[in-house]
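What follows is run.cif (mmCIF, C-alpha atoms).
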data_protein
#
loop_
_atom_site.label_atom_id
_atom_site.label_comp_id
_atom_site.auth_asym_id
_atom_site.auth_seq_id
_atom_site.Cartn_x
_atom_site.Cartn_y
_atom_site.Cartn_z
CA MET A 1 29.19 56.44 15.42
CA ALA A 2 27.23 54.80 18.24
CA THR A 3 23.95 55.84 16.60
CA ARG A 4 25.05 54.34 13.26
CA LEU A 5 26.05 51.05 14.93
CA LYS A 6 22.70 50.96 16.70
CA ASP A 7 20.88 51.44 13.36
CA ILE A 8 22.89 48.60 11.79
CA LEU A 9 22.12 46.23 14.67
CA LEU A 10 18.44 47.16 14.51
CA GLY A 11 18.41 46.38 10.78
CA VAL A 12 20.02 42.99 11.38
CA VAL A 13 17.45 42.13 14.07
CA ILE A 14 14.55 43.14 11.83
CA GLY A 15 16.00 41.14 8.92
CA LEU A 16 16.43 38.02 11.03
CA SER A 17 12.91 38.37 12.38
CA VAL A 18 11.42 38.56 8.88
CA THR A 19 13.53 35.57 7.76
CA VAL A 20 12.39 33.44 10.70
CA LEU A 21 8.79 34.47 10.08
CA PHE A 22 8.82 33.34 6.45
CA LEU A 23 10.92 30.25 7.18
CA GLY A 24 8.42 29.24 9.83
CA LYS A 25 5.63 29.45 7.29
CA ALA A 26 7.68 27.42 4.82
CA VAL A 27 8.27 24.70 7.39
CA ILE A 28 4.57 24.58 8.17
CA ASP A 29 3.73 24.38 4.47
CA GLU A 30 4.52 20.70 3.90
CA SER A 31 4.04 21.01 0.16
CA ILE A 32 7.29 22.99 0.02
CA LEU A 33 9.62 20.77 2.01
CA VAL A 34 8.03 17.32 1.91
CA ARG A 35 6.00 15.40 -0.63
CA GLU A 36 2.30 15.79 0.07
CA THR A 37 1.66 12.13 -0.74
CA GLU A 38 3.73 9.13 -1.71
CA VAL A 39 1.85 8.63 -4.96
CA HIS A 40 1.34 10.70 -8.08
CA THR A 41 -2.18 12.05 -8.57
CA LEU A 42 -4.13 12.49 -11.77
CA THR A 43 -6.07 15.47 -13.01
CA SER A 44 -8.92 15.33 -15.48
CA SER A 45 -6.49 16.39 -18.21
CA SER A 46 -4.16 13.43 -17.62
CA PRO A 47 -4.15 11.01 -20.55
CA TRP A 48 -5.29 7.98 -18.55
CA TYR A 49 -7.83 9.70 -16.30
CA GLN A 50 -11.32 8.27 -16.12
CA PRO A 51 -13.88 8.85 -13.35
CA TYR A 52 -13.99 5.32 -12.00
CA GLY A 53 -15.89 6.36 -8.90
CA GLY A 54 -13.16 5.47 -6.49
CA VAL A 55 -11.71 2.04 -5.80
CA ARG A 56 -8.54 0.89 -4.17
CA MET A 57 -6.50 -1.82 -5.81
CA THR A 58 -5.29 -4.64 -3.61
CA PHE A 59 -3.59 -7.80 -4.68
CA GLN A 60 -4.64 -10.81 -2.62
CA PRO A 61 -7.07 -13.51 -3.76
CA GLU A 62 -10.40 -13.57 -2.01
CA GLU A 63 -10.83 -16.01 0.86
CA ASN A 64 -11.49 -19.57 -0.27
CA GLU A 65 -10.81 -18.63 -3.89
CA SER A 66 -9.66 -21.63 -5.89
CA SER A 67 -7.85 -19.63 -8.56
CA ASP A 68 -4.42 -20.47 -9.90
CA SER A 69 -3.56 -16.79 -10.19
CA LEU A 70 -3.53 -13.62 -8.13
CA LYS A 71 -5.50 -10.68 -9.49
CA TYR A 72 -6.32 -7.12 -8.47
CA ARG A 73 -9.18 -6.89 -5.99
CA PRO A 74 -11.19 -3.68 -5.45
CA ASP A 75 -11.34 -2.06 -2.04
CA ASP A 76 -13.81 0.81 -1.70
CA ASP A 77 -12.01 2.85 0.97
CA TYR A 78 -9.76 4.79 -1.41
CA GLN A 79 -10.22 6.83 -4.57
CA ALA A 80 -8.06 5.36 -7.32
CA THR A 81 -6.81 8.54 -8.96
CA THR A 82 -3.09 7.84 -8.96
CA VAL A 83 -1.32 7.40 -12.26
CA ALA A 84 -0.14 3.91 -11.34
CA GLN A 85 -3.62 2.75 -10.34
CA GLN A 86 -5.24 4.16 -13.45
CA LEU A 87 -2.62 2.51 -15.64
CA ALA A 88 -3.33 -0.79 -13.89
CA LYS A 89 -6.84 -0.56 -15.35
CA GLN A 90 -5.82 0.78 -18.74
CA VAL A 91 -2.80 -1.46 -19.38
CA ARG A 92 -3.58 -4.95 -18.09
CA VAL A 93 -0.47 -7.08 -17.72
CA LEU A 94 -0.24 -10.82 -17.12
CA VAL A 95 3.18 -12.04 -16.01
CA TRP A 96 4.10 -15.69 -15.83
CA VAL A 97 7.14 -16.73 -13.80
CA MET A 98 9.22 -19.74 -14.77
CA THR A 99 10.05 -21.51 -11.51
CA SER A 100 10.61 -24.99 -10.06
CA PRO A 101 9.71 -26.87 -6.86
CA LYS A 102 13.16 -26.27 -5.34
CA ASN A 103 12.89 -22.50 -5.87
CA LEU A 104 9.35 -22.08 -4.64
CA ALA A 105 10.13 -21.35 -0.98
CA ASN A 106 12.88 -18.82 -1.71
CA LYS A 107 12.97 -17.23 -5.17
CA ALA A 108 9.30 -17.50 -6.09
CA LEU A 109 8.27 -16.50 -2.57
CA ALA A 110 10.36 -13.32 -2.82
CA ILE A 111 8.53 -12.41 -6.02
CA LYS A 112 5.18 -13.12 -4.40
CA GLN A 113 6.09 -10.83 -1.51
CA THR A 114 7.37 -7.99 -3.71
CA TRP A 115 6.64 -7.18 -7.34
CA GLY A 116 4.32 -10.11 -7.98
CA LYS A 117 1.50 -8.50 -6.02
CA ARG A 118 1.48 -5.53 -8.41
CA CYS A 119 0.68 -7.53 -11.55
CA ASN A 120 -2.88 -7.64 -12.84
CA ILE A 121 -2.44 -11.40 -13.09
CA ILE A 122 0.60 -13.46 -12.13
CA LEU A 123 1.09 -17.17 -12.81
CA TYR A 124 3.84 -19.37 -11.39
CA ILE A 125 4.68 -22.14 -13.85
CA SER A 126 6.43 -25.21 -12.43
CA SER A 127 6.68 -28.95 -13.02
CA VAL A 128 4.56 -29.71 -9.96
CA SER A 129 1.17 -28.26 -9.13
CA ASP A 130 0.94 -26.58 -5.71
CA PRO A 131 -2.57 -25.21 -5.03
CA GLU A 132 -1.43 -23.47 -1.86
CA PHE A 133 1.21 -21.23 -3.44
CA PRO A 134 -0.31 -21.53 -6.14
CA THR A 135 1.69 -23.00 -9.04
CA ILE A 136 0.60 -24.51 -12.33
CA SER A 137 2.09 -27.75 -13.65
CA LEU A 138 2.19 -28.16 -17.42
CA ASN A 139 3.74 -31.63 -17.45
CA VAL A 140 7.13 -30.47 -18.68
CA PRO A 141 10.20 -31.96 -16.91
CA GLU A 142 12.60 -29.74 -14.98
CA GLY A 143 16.06 -28.99 -16.34
CA ARG A 144 17.70 -26.38 -18.52
CA GLU A 145 17.21 -28.56 -21.57
CA HIS A 146 13.43 -28.24 -21.10
CA LEU A 147 13.14 -24.46 -20.67
CA THR A 148 11.94 -24.13 -24.26
CA GLY A 149 9.26 -26.74 -23.66
CA LYS A 150 8.10 -25.00 -20.49
CA THR A 151 7.94 -21.64 -22.28
CA MET A 152 5.94 -22.97 -25.23
CA ALA A 153 3.56 -24.83 -22.92
CA ALA A 154 3.09 -21.75 -20.72
CA PHE A 155 2.12 -19.48 -23.60
CA ARG A 156 -0.26 -22.13 -24.97
CA TYR A 157 -1.90 -22.38 -21.55
CA ILE A 158 -2.19 -18.60 -21.30
CA HIS A 159 -3.66 -18.36 -24.80
CA GLU A 160 -6.27 -20.95 -23.89
CA HIS A 161 -7.23 -19.51 -20.49
CA TYR A 162 -6.26 -15.84 -20.34
CA LEU A 163 -6.27 -14.32 -23.84
CA ASP A 164 -9.08 -11.90 -22.99
CA GLU A 165 -8.03 -11.32 -19.37
CA ALA A 166 -5.04 -9.08 -20.15
CA ASP A 167 -3.60 -6.86 -22.87
CA TRP A 168 0.08 -7.83 -22.60
CA PHE A 169 1.74 -11.08 -21.57
CA MET A 170 5.23 -11.22 -20.07
CA LYS A 171 7.60 -14.07 -19.30
CA ALA A 172 10.01 -13.67 -16.36
CA ASP A 173 12.43 -15.94 -14.50
CA ASP A 174 12.23 -16.49 -10.75
CA ASP A 175 15.30 -14.28 -10.31
CA THR A 176 13.90 -11.43 -12.43
CA TYR A 177 12.98 -8.23 -10.61
CA LEU A 178 10.18 -6.36 -12.34
CA ILE A 179 8.97 -2.80 -11.78
CA VAL A 180 5.41 -3.40 -12.91
CA GLU A 181 4.32 0.24 -12.94
CA ASN A 182 7.17 1.08 -15.32
CA LEU A 183 6.23 -1.84 -17.54
CA ARG A 184 2.70 -0.50 -17.86
CA TYR A 185 4.01 2.98 -18.57
CA PHE A 186 6.38 1.64 -21.24
CA LEU A 187 3.48 -0.21 -22.89
CA SER A 188 0.95 2.61 -22.51
CA ASN A 189 1.60 4.08 -25.97
CA LYS A 190 1.99 0.71 -27.73
CA ARG A 191 -0.77 -1.14 -29.61
CA THR A 192 -1.53 -4.62 -28.33
CA ASP A 193 -3.32 -5.49 -31.57
CA ASP A 194 0.00 -5.15 -33.41
CA PRO A 195 2.15 -8.32 -33.76
CA ILE A 196 5.04 -7.03 -31.63
CA TYR A 197 7.08 -7.87 -28.56
CA PHE A 198 9.68 -6.17 -26.39
CA GLY A 199 12.72 -6.94 -24.22
CA HIS A 200 16.51 -6.60 -24.15
CA LEU A 201 17.60 -7.24 -27.73
CA PHE A 202 20.35 -9.70 -28.58
CA LYS A 203 21.50 -9.62 -32.21
CA LEU A 204 22.86 -13.12 -32.89
CA ASN A 205 21.17 -16.36 -34.02
CA VAL A 206 17.90 -14.77 -35.17
CA ARG A 207 17.70 -12.45 -38.19
CA GLN A 208 15.56 -9.81 -36.47
CA GLY A 209 17.23 -10.47 -33.12
CA TYR A 210 15.68 -11.99 -30.02
CA TYR A 211 15.06 -10.93 -26.44
CA SER A 212 16.92 -12.06 -23.34
CA GLY A 213 14.90 -14.60 -21.39
CA GLY A 214 16.27 -13.52 -18.01
CA GLY A 215 15.53 -9.84 -18.56
CA GLY A 216 12.01 -10.85 -19.51
CA TYR A 217 10.07 -10.29 -22.72
CA VAL A 218 6.51 -9.09 -23.17
CA ILE A 219 4.30 -9.98 -26.12
CA SER A 220 1.17 -8.28 -27.43
CA LYS A 221 -2.26 -9.85 -27.54
CA GLU A 222 -1.95 -10.25 -31.31
CA ALA A 223 1.40 -12.02 -30.84
CA LEU A 224 -0.22 -14.39 -28.33
CA ARG A 225 -3.15 -14.97 -30.67
CA ARG A 226 -0.81 -15.92 -33.51
CA PHE A 227 1.18 -18.17 -31.20
CA GLY A 228 -1.94 -19.94 -29.95
CA THR A 229 -3.32 -20.62 -33.41
CA LYS A 230 -0.14 -21.33 -35.40
CA ALA A 231 2.61 -22.50 -33.05
CA VAL A 232 1.25 -26.04 -33.03
CA ASN A 233 3.23 -26.40 -36.26
CA SER A 234 6.62 -27.65 -35.03
CA THR A 235 8.32 -26.33 -38.17
CA LEU A 236 7.45 -22.82 -36.97
CA CYS A 237 8.01 -23.22 -33.24
CA ARG A 238 10.24 -25.82 -31.67
CA GLU A 239 8.56 -27.97 -29.03
CA ASP A 240 11.56 -28.33 -26.71
CA GLY A 241 15.34 -28.20 -26.58
CA GLY A 242 17.74 -25.49 -27.64
CA ASP A 243 18.07 -22.14 -25.88
CA GLU A 244 14.69 -20.94 -24.68
CA ASP A 245 15.01 -17.27 -25.62
CA VAL A 246 16.57 -18.03 -29.01
CA GLU A 247 13.91 -20.61 -29.86
CA PHE A 248 11.09 -18.31 -28.80
CA GLY A 249 12.68 -15.53 -30.87
CA LEU A 250 12.78 -17.79 -33.93
CA CYS A 251 9.17 -18.74 -33.27
CA MET A 252 8.08 -15.09 -33.12
CA GLN A 253 9.96 -14.26 -36.31
CA ARG A 254 8.31 -17.13 -38.20
CA LEU A 255 4.90 -16.03 -36.95
CA GLY A 256 5.49 -12.51 -38.23
CA VAL A 257 5.83 -11.00 -34.75
CA ALA A 258 8.39 -8.20 -34.88
CA THR A 259 11.00 -7.16 -32.36
CA SER A 260 10.37 -3.51 -31.50
CA ARG A 261 12.29 -0.58 -30.03
CA SER A 262 12.70 -1.35 -26.34
CA LEU A 263 14.40 1.86 -25.19
CA ASP A 264 12.97 5.04 -23.70
CA ASP A 265 12.79 8.26 -25.71
CA MET A 266 16.35 9.18 -24.69
CA GLY A 267 17.72 5.88 -25.98
CA ARG A 268 18.23 4.47 -22.48
CA THR A 269 17.80 0.78 -21.70
CA VAL A 270 14.56 -0.44 -20.16
CA PHE A 271 14.88 -4.25 -19.96
CA HIS A 272 18.08 -5.59 -18.40
CA PRO A 273 19.60 -9.11 -18.50
CA HIS A 274 21.95 -8.52 -15.53
CA THR A 275 21.87 -7.13 -11.99
CA PRO A 276 21.23 -3.44 -11.28
CA SER A 277 24.82 -2.93 -10.10
CA MET A 278 26.31 -4.51 -13.23
CA HIS A 279 24.23 -2.29 -15.49
CA PHE A 280 25.09 0.80 -13.46
CA LEU A 281 28.84 0.08 -13.32
CA GLY A 282 29.09 -1.44 -16.79
CA THR A 283 31.06 -4.47 -15.56
CA TYR A 284 29.60 -6.75 -18.22
CA PRO A 285 31.00 -10.15 -19.21
CA GLU A 286 32.57 -10.22 -22.65
CA TRP A 287 29.66 -12.12 -24.17
CA HIS A 288 27.31 -9.24 -23.35
CA HIS A 289 29.12 -6.90 -25.74
CA LYS A 290 29.10 -9.61 -28.41
CA TYR A 291 25.38 -10.32 -28.11
CA THR A 292 23.75 -6.98 -27.28
CA ALA A 293 22.33 -5.01 -30.18
CA GLY A 294 23.74 -1.50 -30.15
CA LYS A 295 26.24 -0.13 -27.67
CA ALA A 296 26.21 -1.64 -24.17
CA GLN A 297 25.14 1.17 -21.86
CA LYS A 298 25.84 1.80 -18.20
CA GLY A 299 25.15 4.28 -15.43
CA TYR A 300 22.69 6.93 -16.52
CA GLY A 301 22.26 5.05 -19.78
CA VAL A 302 19.78 3.00 -17.74
CA SER A 303 16.29 4.48 -17.99
CA LYS A 304 14.86 6.20 -14.91
CA TYR A 305 11.77 4.10 -15.65
CA ALA A 306 13.62 0.79 -15.99
CA VAL A 307 11.36 -2.25 -16.21
CA SER A 308 13.45 -5.31 -15.31
CA PHE A 309 16.71 -6.72 -13.98
CA HIS A 310 18.02 -10.29 -13.83
CA TYR A 311 20.04 -12.47 -11.44
CA VAL A 312 18.48 -10.78 -8.41
CA PRO A 313 18.62 -13.05 -5.30
CA PRO A 314 15.60 -13.17 -2.96
CA ASP A 315 17.03 -10.90 -0.25
CA GLU A 316 18.22 -8.34 -2.79
CA MET A 317 14.76 -8.44 -4.33
CA ARG A 318 13.27 -7.43 -1.00
CA VAL A 319 15.90 -4.71 -0.54
CA LEU A 320 15.20 -3.31 -4.00
CA ASP A 321 11.51 -3.29 -3.23
CA PHE A 322 12.14 -1.35 -0.01
CA TYR A 323 14.31 1.22 -1.77
CA LEU A 324 11.79 1.74 -4.57
CA TYR A 325 8.52 1.75 -2.65
CA HIS A 326 9.30 2.78 0.93
CA MET A 327 12.46 4.87 1.16
CA ARG A 328 12.09 8.56 0.31
CA PRO A 329 14.47 11.54 0.38
CA TYR A 330 13.01 14.13 2.74
CA GLY A 331 12.04 17.44 1.20
CA HIS A 332 11.64 16.39 -2.43
CA ASN A 333 8.42 16.50 -4.40
CA SER A 334 7.69 13.80 -6.96
CA VAL A 335 7.93 14.65 -10.64
CA ILE A 336 6.50 12.58 -13.48
CA SER A 337 8.67 12.69 -16.60
CA ASN A 338 7.50 11.65 -20.05
CA CYS A 339 10.11 9.15 -21.29
CA ASN A 340 7.99 7.38 -23.91
CA LYS A 341 8.15 8.10 -27.60
CA THR A 342 4.73 8.85 -29.05
CA SER A 343 5.66 8.10 -32.64
#
Turn the structure described in the file into C-alpha cells.
Amino acid sequence: MATRLKDILLGVVIGLSVTVLFLGKAVIDESILVRETEVHTLTSSSPWYQPYGGVRMTFQPEENESSDSLKYRPDDDYQATTVAQQLAKQVRVLVWVMTSPKNLANKALAIKQTWGKRCNIILYISSVSDPEFPTISLNVPEGREHLTGKTMAAFRYIHEHYLDEADWFMKADDDTYLIVENLRYFLSNKRTDDPIYFGHLFKLNVRQGYYSGGGGYVISKEALRRFGTKAVNSTLCREDGGDEDVEFGLCMQRLGVATSRSLDDMGRTVFHPHTPSMHFLGTYPEWHHKYTAGKAQKGYGVSKYAVSFHYVPPDEMRVLDFYLYHMRPYGHNSVISNCNKTS
C-alpha cells in the first residue's frame, strides 16, 4: 500500500514538473499570450501589399508650411507594411469638418487631437479664416439655416482645389467621431469612378433616400466631379436653406449620383447618426425608426468595423480614441476579419 502511494505521489510530481516546464515556455513565447505588435502586418499575398521601400506615416504639417490642410508626411524610420498604412496610400480620403468659431477651441480641437490626424487630408470649414488652426472661410454666415450653403460651398472649394488629391471626399460635423482606418477599409472594394456615395440612409423626403449629415457621408471622385461641373445650376442643387442633408441628397439624386449599400457583409450598420451607447443599447428617439431605411439595429447589429458616430462631445471623443488605439486586452492576438462584400 505504501509503495503504491509512493508511486502515485511520484507520478503527480513528474506531471507537475512537465506542466511547469511547458507553461514556462509558453509564458516566454510572447506570441502565445500577448500580441506581438499593436498593428496588423501585411504579407506579399495581402491584397493591398506593395513594396514601398519603407516609410512611416505621420500627420503633422511641416514646419513653416502655409497649407490650409493637414496631410500625411513620410518618416523614414519605419517600414510601412501594416494594413492600415498601406490602405492610407491605396484609399486616399479627404474629410472636411463643418465647424464654427465658437467650436474651434473645444469640438474641432478634439478632432484635431484624435481622428483628424489619421486622414490623408482634413479641412476645417468655418465662417472665419484662422491660419493657425487652420480653418477655411467660405464667406457663408453661421447658423443652422446656412448649413446647406456651407456644405455646397465646401464641396465646390474641394472640387476646385483637391479633386486630384484624394479618391473619396467625406463631410463630417464637429461632433462626429470617425474611425478613419475603417472608412478606408469600407471603401477599399468600391470604385471611386462610379457616381456613388455612402452614409446612414434615411428614407423620407428624397426618392432614393439621403444620408444623415451628422453620421457623415462620403462621395466618390465621380460624384464630386459631377457636383463641381453641374451643381452651379440652382435648379439641380439648392444654394442655401432647407435641411443640409436632405438638400444635398436631392442634389446628388438630380446629378445621377446613387445612394449605395452602406452596411457590412453581415448587414450590420457602418455609419451612425447617434452616439455609440445609443446604437449599442437601441434607445433611439421615435423619429429614428420613422426615418431610417430598414430595421433600426442595435448591439451587435453595429459593425465591428464601424466608421462613424454622432453627437460625441470632446472629452468622450478623447476617451473613445484611447479605448480604440491604446487600450488592449492582455493575451489576445489581433485578427483581421473580412467584412466587405466583394460583389
The PyMOL selection byres ((chain A and resi 234) around 12) applied to the shown file, residues as a list in words
Gly149, Met152, Phe227, Lys230, Ala231, Val232, Asn233, Thr235, Leu236, Cys237, Arg238, Glu239, Asp240, Glu247, Leu250, Cys251, Arg254 and Leu255 of chain A
Residue selection dump (C-alpha atoms) as a PDB file, in the coordinates of the input:
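The resulting file, selection.pdb, is reproduced below:
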ATOM      1  CA  GLY A 149       9.260 -26.740 -23.660  1.00  0.00           C
ATOM      2  CA  MET A 152       5.940 -22.970 -25.230  1.00  0.00           C
ATOM      3  CA  PHE A 227       1.180 -18.170 -31.200  1.00  0.00           C
ATOM      4  CA  LYS A 230      -0.140 -21.330 -35.400  1.00  0.00           C
ATOM      5  CA  ALA A 231       2.610 -22.500 -33.050  1.00  0.00           C
ATOM      6  CA  VAL A 232       1.250 -26.040 -33.030  1.00  0.00           C
ATOM      7  CA  ASN A 233       3.230 -26.400 -36.260  1.00  0.00           C
ATOM      8  CA  THR A 235       8.320 -26.330 -38.170  1.00  0.00           C
ATOM      9  CA  LEU A 236       7.450 -22.820 -36.970  1.00  0.00           C
ATOM     10  CA  CYS A 237       8.010 -23.220 -33.240  1.00  0.00           C
ATOM     11  CA  ARG A 238      10.240 -25.820 -31.670  1.00  0.00           C
ATOM     12  CA  GLU A 239       8.560 -27.970 -29.030  1.00  0.00           C
ATOM     13  CA  ASP A 240      11.560 -28.330 -26.710  1.00  0.00           C
ATOM     14  CA  GLU A 247      13.910 -20.610 -29.860  1.00  0.00           C
ATOM     15  CA  LEU A 250      12.780 -17.790 -33.930  1.00  0.00           C
ATOM     16  CA  CYS A 251       9.170 -18.740 -33.270  1.00  0.00           C
ATOM     17  CA  ARG A 254       8.310 -17.130 -38.200  1.00  0.00           C
ATOM     18  CA  LEU A 255       4.900 -16.030 -36.950  1.00  0.00           C
TER      19      LEU A 255
END
Which of these, A:Leu324, A:Ile179, A:Lys203, A:Val312, has the shortest distance to A:Lys117 once you count all atoms listed in the file?
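Result for the nearest residue to A:Lys117: A:Ile179.
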When you look at A:Lys107 with a cut-off of 12 Å (counting all atoms listed in the file), what residues show up, excluding the ones that are within fewer than 6 positions of it in the same chain? I need them as a PyMOL selection string.
chain A and resi 97-101+113-114+116+124+173-177+311-318
In terms of the shortest atom-to-atom distance over all atoms listed in the file, which of A:Ile111, A:Ile219, A:Ala258, A:Ile158 is closest to A:Leu187?
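For A:Leu187, the nearest of the candidates is A:Ile219.
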Sorted per-residue table, stretch 154-269 of chain A near stretch 290-293 of chain A, closest atoms and distance, 12 Å, all atoms listed in the file, as a tab-separated table:
residue	atom	partner	partner_atom	distance
A:Gly199	CA	A:Thr292	CA	11.4
A:His200	CA	A:Thr292	CA	7.9
A:Leu201	CA	A:Ala293	CA	5.8
A:Phe202	CA	A:Thr292	CA	4.5
A:Lys203	CA	A:Ala293	CA	5.1
A:Leu204	CA	A:Tyr291	CA	6.1
A:Asn205	CA	A:Tyr291	CA	9.4
A:Val206	CA	A:Tyr291	CA	11.2
A:Arg207	CA	A:Ala293	CA	11.9
A:Gln208	CA	A:Ala293	CA	10.4
A:Gly209	CA	A:Ala293	CA	8.0
A:Tyr210	CA	A:Ala293	CA	9.6
A:Tyr211	CA	A:Thr292	CA	9.6
A:Ser212	CA	A:Thr292	CA	9.4
A:Val246	CA	A:Tyr291	CA	11.7
A:Thr259	CA	A:Ala293	CA	11.7
A:Arg261	CA	A:Ala293	CA	11.0
A:Ser262	CA	A:Ala293	CA	11.0
A:Leu263	CA	A:Ala293	CA	11.6
A:Thr269	CA	A:Ala293	CA	11.2
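Proximity ranking of A:Arg118, A:Ala172, A:Gly241, A:Leu94 relative to A:His146 places A:Gly241 first, based on only C-alpha atoms.
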Assuming the chain letters and numbering stay as they are in my file, what does the PyMOL selection byres ((chain A and resi 282) around 8) actually select? List them as a list in words.
Met278, His279, Phe280, Leu281, Thr283, Tyr284, Ala296, Gln297, Lys298 and Gly299 of chain A
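When you apply the PyMOL selection byres ((chain A and resi 129) around 12) to this structure, what comes back is Asp68, Thr99, Ser100, Pro101, Leu104, Leu123, Tyr124, Ile125, Ser126, Ser127, Val128, Asp130, Pro131, Glu132, Phe133, Pro134, Thr135, Ile136, Ser137, Leu138, Asn139 and Val140 of chain A.
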Between atom CA of A:Arg191 and atom CA of A:Trp168, what is the distance, to one decimal in Å?
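Here the two named atoms are 9.7 Å from each other.
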Ranking A:Val257, A:Val302, A:Val83, A:Val319 by minimum distance to A:Glu181 and counting all atoms listed in the file, which one comes first?
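Among the listed residues, the smallest separation from A:Glu181 belongs to A:Val83.
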Name the residues in contact with A:His161 at a cut-off of 12 Å, using all atoms listed in the file, excluding same-chain residues fewer than 3 positions from it; report them as a PyMOL selection string.
chain A and resi 67-69+94+121+123+154-158+164-166+224-225+228
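Picture a line from atom CA of A:Leu178 to atom CA of A:His159; it runs 22.2 Å.
Residue nearest A:Gly213, chosen from A:Lys171, A:Arg144, A:Lys102, A:Arg226 and counting all atoms listed in the file: A:Lys171.
The gap separating atom CA of A:Gly256 from atom CA of A:Ala88 is 28.4 Å, in Å to one decimal.
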Taking all atoms of stretch 159-168 of chain A that the file lists, what box with edges along x, y and z, padded by 5 Å per side, do you get, with centre and edge lengths in Å to one decimal, as JSON?
{"center_x": -4.5, "center_y": -13.9, "center_z": -22.1, "size_x": 19.2, "size_y": 24.1, "size_z": 15.4}
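The closest residue to A:Asn189, picked from A:Asp243, A:Asp321, A:Glu160, A:Asp265 and counting only C-alpha atoms, is A:Asp265.
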Using only C-alpha atoms, which protein or nucleic acid residues come within 7 Å of stretch 305-309 of chain A? Drop anything in the same chain fewer than 4 positions from it, and give the result as JSON, numbers by chain.
{"A": [176, 177, 178, 179, 180, 182, 183, 215, 270, 271, 272, 273, 274, 275, 276]}
